[in-house]
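run-v8.pdb (PDB, C-alpha atoms)
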```pdb
MODEL        1
ATOM      1  CA  MET A   1      31.267   0.019 -24.567
ATOM      2  CA  PHE A   2      29.733   1.522 -21.481
ATOM      3  CA  SER A   3      31.252   4.459 -19.756
ATOM      4  CA  ALA A   4      32.314   4.203 -16.129
ATOM      5  CA  ARG A   5      29.469   6.540 -15.234
ATOM      6  CA  ALA A   6      26.850   4.301 -16.918
ATOM      7  CA  ARG A   7      28.234   1.206 -15.158
ATOM      8  CA  SER A   8      28.085   3.035 -11.842
ATOM      9  CA  ARG A   9      24.424   3.993 -12.402
ATOM     10  CA  SER A  10      23.610   0.426 -13.398
ATOM     11  CA  ARG A  11      25.193  -0.936 -10.212
ATOM     12  CA  ALA A  12      23.310   1.619  -8.118
ATOM     13  CA  ARG A  13      19.977   0.512  -9.630
ATOM     14  CA  LYS A  14      20.767  -3.146  -8.974
ATOM     15  CA  ALA A  15      21.715  -2.367  -5.391
ATOM     16  CA  HIS A  16      18.236  -0.924  -4.747
ATOM     17  CA  ALA A  17      16.388  -3.684  -6.579
ATOM     18  CA  ASP A  18      17.073  -6.459  -4.060
ATOM     19  CA  PRO A  19      15.936  -6.135  -0.442
ATOM     20  CA  PRO A  20      18.559  -6.410   2.261
ATOM     21  CA  PRO A  21      19.151  -9.974   3.486
ATOM     22  CA  SER A  22      17.675  -9.066   6.880
ATOM     23  CA  TRP A  23      14.192  -8.602   5.342
ATOM     24  CA  PRO A  24      11.870 -11.614   5.643
ATOM     25  CA  SER A  25      10.696 -13.204   2.444
ATOM     26  CA  GLY A  26       8.008 -15.609   1.330
ATOM     27  CA  ILE A  27       4.974 -16.586   3.352
ATOM     28  CA  HIS A  28       6.576 -15.393   6.587
ATOM     29  CA  ALA A  29       6.687 -11.821   5.241
ATOM     30  CA  VAL A  30       2.878 -11.568   5.070
ATOM     31  CA  PRO A  31       1.610  -9.404   7.948
ATOM     32  CA  TRP A  32      -1.056 -11.895   9.061
ATOM     33  CA  ARG A  33      -2.041  -9.982  12.193
ATOM     34  CA  VAL A  34      -2.535  -6.778  10.231
ATOM     35  CA  LEU A  35      -4.606  -8.575   7.589
ATOM     36  CA  ALA A  36      -6.690 -10.240  10.303
ATOM     37  CA  VAL A  37      -7.535  -6.961  12.053
ATOM     38  CA  ILE A  38      -8.388  -5.317   8.716
ATOM     39  CA  ALA A  39     -10.723  -8.213   7.867
ATOM     40  CA  ALA A  40     -12.354  -8.136  11.319
ATOM     41  CA  GLY A  41     -12.760  -4.365  11.102
ATOM     42  CA  GLY A  42     -14.238  -4.683   7.617
ATOM     43  CA  VAL A  43     -16.899  -7.043   8.947
ATOM     44  CA  ILE A  44     -17.780  -4.613  11.742
ATOM     45  CA  GLY A  45     -17.959  -1.670   9.332
ATOM     46  CA  ALA A  46     -20.055  -3.558   6.779
ATOM     47  CA  LEU A  47     -22.495  -4.688   9.485
ATOM     48  CA  ALA A  48     -22.837  -1.089  10.697
ATOM     49  CA  ARG A  49     -23.544   0.050   7.136
ATOM     50  CA  GLN A  50     -26.137  -2.700   6.655
ATOM     51  CA  GLY A  51     -27.781  -1.666   9.929
ATOM     52  CA  ILE A  52     -28.133   1.909   8.729
ATOM     53  CA  TRP A  53     -29.554   0.719   5.401
ATOM     54  CA  ALA A  54     -32.071  -1.454   7.270
ATOM     55  CA  VAL A  55     -33.250   1.534   9.307
ATOM     56  CA  PHE A  56     -33.274   3.935   6.321
ATOM     57  CA  PRO A  57     -34.152   1.914   3.194
ATOM     58  CA  TYR A  58     -34.568   3.512  -0.209
ATOM     59  CA  GLY A  59     -36.248   2.437  -3.397
ATOM     60  CA  PRO A  60     -35.743   3.018  -7.103
ATOM     61  CA  GLY A  61     -36.112   6.641  -8.145
ATOM     62  CA  VAL A  62     -35.509   7.948  -4.606
ATOM     63  CA  PHE A  63     -32.292   9.645  -3.571
ATOM     64  CA  ASP A  64     -30.191   7.398  -1.316
ATOM     65  CA  TRP A  65     -29.613   9.682   1.655
ATOM     66  CA  ALA A  66     -28.399   6.827   3.849
ATOM     67  CA  THR A  67     -25.446   5.989   1.577
ATOM     68  CA  LEU A  68     -24.515   9.641   1.182
ATOM     69  CA  THR A  69     -24.616  10.105   4.959
ATOM     70  CA  ILE A  70     -22.567   6.936   5.510
ATOM     71  CA  ASN A  71     -19.878   8.144   3.118
ATOM     72  CA  VAL A  72     -19.724  11.675   4.562
ATOM     73  CA  ILE A  73     -19.513  10.383   8.145
ATOM     74  CA  GLY A  74     -16.949   7.747   7.129
ATOM     75  CA  CYS A  75     -14.741  10.313   5.411
ATOM     76  CA  ALA A  76     -14.904  12.645   8.404
ATOM     77  CA  LEU A  77     -13.989   9.790  10.743
ATOM     78  CA  ILE A  78     -11.074   8.731   8.513
ATOM     79  CA  GLY A  79      -9.759  12.308   8.634
ATOM     80  CA  ALA A  80     -10.179  12.425  12.416
ATOM     81  CA  LEU A  81      -8.437   9.065  12.763
ATOM     82  CA  MET A  82      -5.458  10.262  10.735
ATOM     83  CA  THR A  83      -5.206  13.415  12.861
ATOM     84  CA  VAL A  84      -5.485  11.575  16.173
ATOM     85  CA  THR A  85      -2.917   8.932  15.201
ATOM     86  CA  GLU A  86      -0.449  11.669  14.250
ATOM     87  CA  VAL A  87      -0.865  13.447  17.585
ATOM     88  CA  ARG A  88      -0.926  10.336  19.758
ATOM     89  CA  PRO A  89       0.456   7.204  18.071
ATOM     90  CA  PRO A  90      -1.617   4.148  19.072
ATOM     91  CA  HIS A  91      -0.757   0.438  19.066
ATOM     92  CA  ARG A  92       0.414  -0.564  15.591
ATOM     93  CA  LEU A  93      -2.753  -2.589  14.865
ATOM     94  CA  ILE A  94      -5.274   0.154  15.731
ATOM     95  CA  PRO A  95      -4.885   2.279  12.545
ATOM     96  CA  PRO A  96      -5.372  -0.697  10.165
ATOM     97  CA  LEU A  97      -8.283  -1.949  12.276
ATOM     98  CA  LEU A  98     -10.104   1.381  12.242
ATOM     99  CA  GLY A  99      -8.959   2.885   8.907
ATOM    100  CA  PRO A 100      -9.112   0.325   6.095
ATOM    101  CA  GLY A 101     -10.947  -2.107   8.385
ATOM    102  CA  VAL A 102     -13.969  -0.568  10.107
ATOM    103  CA  LEU A 103     -14.185   2.663   8.118
ATOM    104  CA  GLY A 104     -13.275   0.976   4.839
ATOM    105  CA  GLY A 105     -16.106  -1.507   5.393
ATOM    106  CA  PHE A 106     -18.445   1.252   6.553
ATOM    107  CA  THR A 107     -17.975   3.617   3.624
ATOM    108  CA  THR A 108     -19.340   2.435   0.348
ATOM    109  CA  PHE A 109     -18.281   4.477  -2.631
ATOM    110  CA  SER A 110     -18.676   1.573  -5.049
ATOM    111  CA  THR A 111     -22.273   1.018  -3.896
ATOM    112  CA  TYR A 112     -22.945   4.722  -4.308
ATOM    113  CA  ILE A 113     -21.814   4.490  -7.934
ATOM    114  CA  VAL A 114     -24.079   1.456  -8.481
ATOM    115  CA  ALA A 115     -27.031   3.398  -7.027
ATOM    116  CA  ILE A 116     -26.297   6.273  -9.404
ATOM    117  CA  GLN A 117     -26.189   3.879 -12.375
ATOM    118  CA  GLN A 118     -29.463   2.242 -11.320
ATOM    119  CA  SER A 119     -31.160   5.635 -11.028
ATOM    120  CA  ILE A 120     -30.005   6.550 -14.521
ATOM    121  CA  ASP A 121     -31.155   3.168 -15.881
ATOM    122  CA  ILE A 122     -34.710   3.596 -14.561
ATOM    123  CA  GLY A 123     -34.965   7.098 -16.035
ATOM    124  CA  ALA A 124     -34.419   9.156 -12.899
ATOM    125  CA  PRO A 125     -31.098  10.892 -13.618
ATOM    126  CA  GLY A 126     -31.992  13.836 -11.364
ATOM    127  CA  VAL A 127     -32.026  11.498  -8.357
ATOM    128  CA  ALA A 128     -28.614  10.156  -9.329
ATOM    129  CA  PHE A 129     -26.917  13.502  -8.803
TER     130      PHE A 129
ENDMDL
END
```
If you took the structure in this file and wrote it as structure tokens, what would it be?
Amino acid sequence: MFSARARSRSRARKAHADPPPSWPSGIHAVPWRVLAVIAAGGVIGALARQGIWAVFPYGPGVFDWATLTINVIGCALIGALMTVTEVRPPHRLIPPLLGPGVLGGFTTFSTYIVAIQQSIDIGAPGVAF
């Protein structure tokens, strides 16, 4: 029914579907150290963001300069981090600590979207953009 060519393609797909036996599986495959440094970095980044918001609060109908500044600085630092780690590779836990950890917790794009929605809801769409 199937041609030799179709059987060969089917075998090739199956060969790539299963990981090699040398790969760890199950709970032991979870990179716990990496997840721990990302979580710790996220706490540090979120606390830094909260500190900036405490120093520069904003109210309804006022443009949220603090969040915009946080996101611009965070994006610039993420770009710098990617450049530096390409030029000089650090310890394997430093990029996840600083990238998705600290800078992921520091930047706040979802909060920025919520602030935009709140500005629109109170009738200040010009502040939202």
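Between atom CA of A:Trp53 and atom CA of A:Thr67 the interatomic distance comes to 7.7 Å.
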Item checked: Distance criterion (all atoms listed in the file): nearest to A:Ala36 out of A:Ala80, A:Ile52, A:Leu93, A:Val114 -> A:Leu93
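The protein and nucleic acid residues lying at most 12 Å from A:Asp64 are Ile52, Trp53, Phe56, Pro57, Tyr58, Gly59, Pro60, Gly61, Val62, Ala66, Thr67, Leu68, Thr69, Ile70, Asn71, Thr111, Tyr112, Ile113, Val114, Ala115, Ile116, Gln118, Ser119, Val127, Ala128 and Phe129 of chain A, with only C-alpha atoms considered and sequence neighbours fewer than 2 positions away removed.
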As AutoDock Vina command-line options: centre and edge lengths in Å, one decimal, of the axis-aligned box holding stretch 117-121 of chain A with 8 Å per side:
```
--center_x -28.7 --center_y 4.4 --center_z -13.5 --size_x 21.0 --size_y 20.3 --size_z 20.9
```
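Taking atom CA of A:Thr85 and atom CA of A:Leu103 as endpoints, the distance between them is 14.7 Å.
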Margin query: I'd like to see the residues matched by the PyMOL selection byres ((chain A and resi 40) around 12) on this file, and ideally I'd get them as a list in words.
Written below: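 When the PyMOL selection byres ((chain A and resi 40) around 12) is applied to the shown file, the picked residues are Arg33, Val34, Leu35, Ala36, Val37, Ile38, Ala39, Gly41, Gly42, Val43, Ile44, Gly45, Ala46, Leu47, Leu93, Ile94, Pro96, Leu97, Leu98, Gly99, Pro100, Gly101, Val102, Leu103, Gly104 and Gly105 of chain A.
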I need the residues from that last selection saved to file as a compact mmCIF listing (two decimals), keeping the file's coordinate frame (with C-alpha atoms), if you can.
```
# COMPACT_ATOMS: atom_id res chain seq x y z
CA ARG A 33 -2.04 -9.98 12.19
CA VAL A 34 -2.54 -6.78 10.23
CA LEU A 35 -4.61 -8.57 7.59
CA ALA A 36 -6.69 -10.24 10.30
CA VAL A 37 -7.54 -6.96 12.05
CA ILE A 38 -8.39 -5.32 8.72
CA ALA A 39 -10.72 -8.21 7.87
CA GLY A 41 -12.76 -4.36 11.10
CA GLY A 42 -14.24 -4.68 7.62
CA VAL A 43 -16.90 -7.04 8.95
CA ILE A 44 -17.78 -4.61 11.74
CA GLY A 45 -17.96 -1.67 9.33
CA ALA A 46 -20.06 -3.56 6.78
CA LEU A 47 -22.50 -4.69 9.48
CA LEU A 93 -2.75 -2.59 14.86
CA ILE A 94 -5.27 0.15 15.73
CA PRO A 96 -5.37 -0.70 10.16
CA LEU A 97 -8.28 -1.95 12.28
CA LEU A 98 -10.10 1.38 12.24
CA GLY A 99 -8.96 2.88 8.91
CA PRO A 100 -9.11 0.32 6.10
CA GLY A 101 -10.95 -2.11 8.38
CA VAL A 102 -13.97 -0.57 10.11
CA LEU A 103 -14.18 2.66 8.12
CA GLY A 104 -13.28 0.98 4.84
CA GLY A 105 -16.11 -1.51 5.39
```
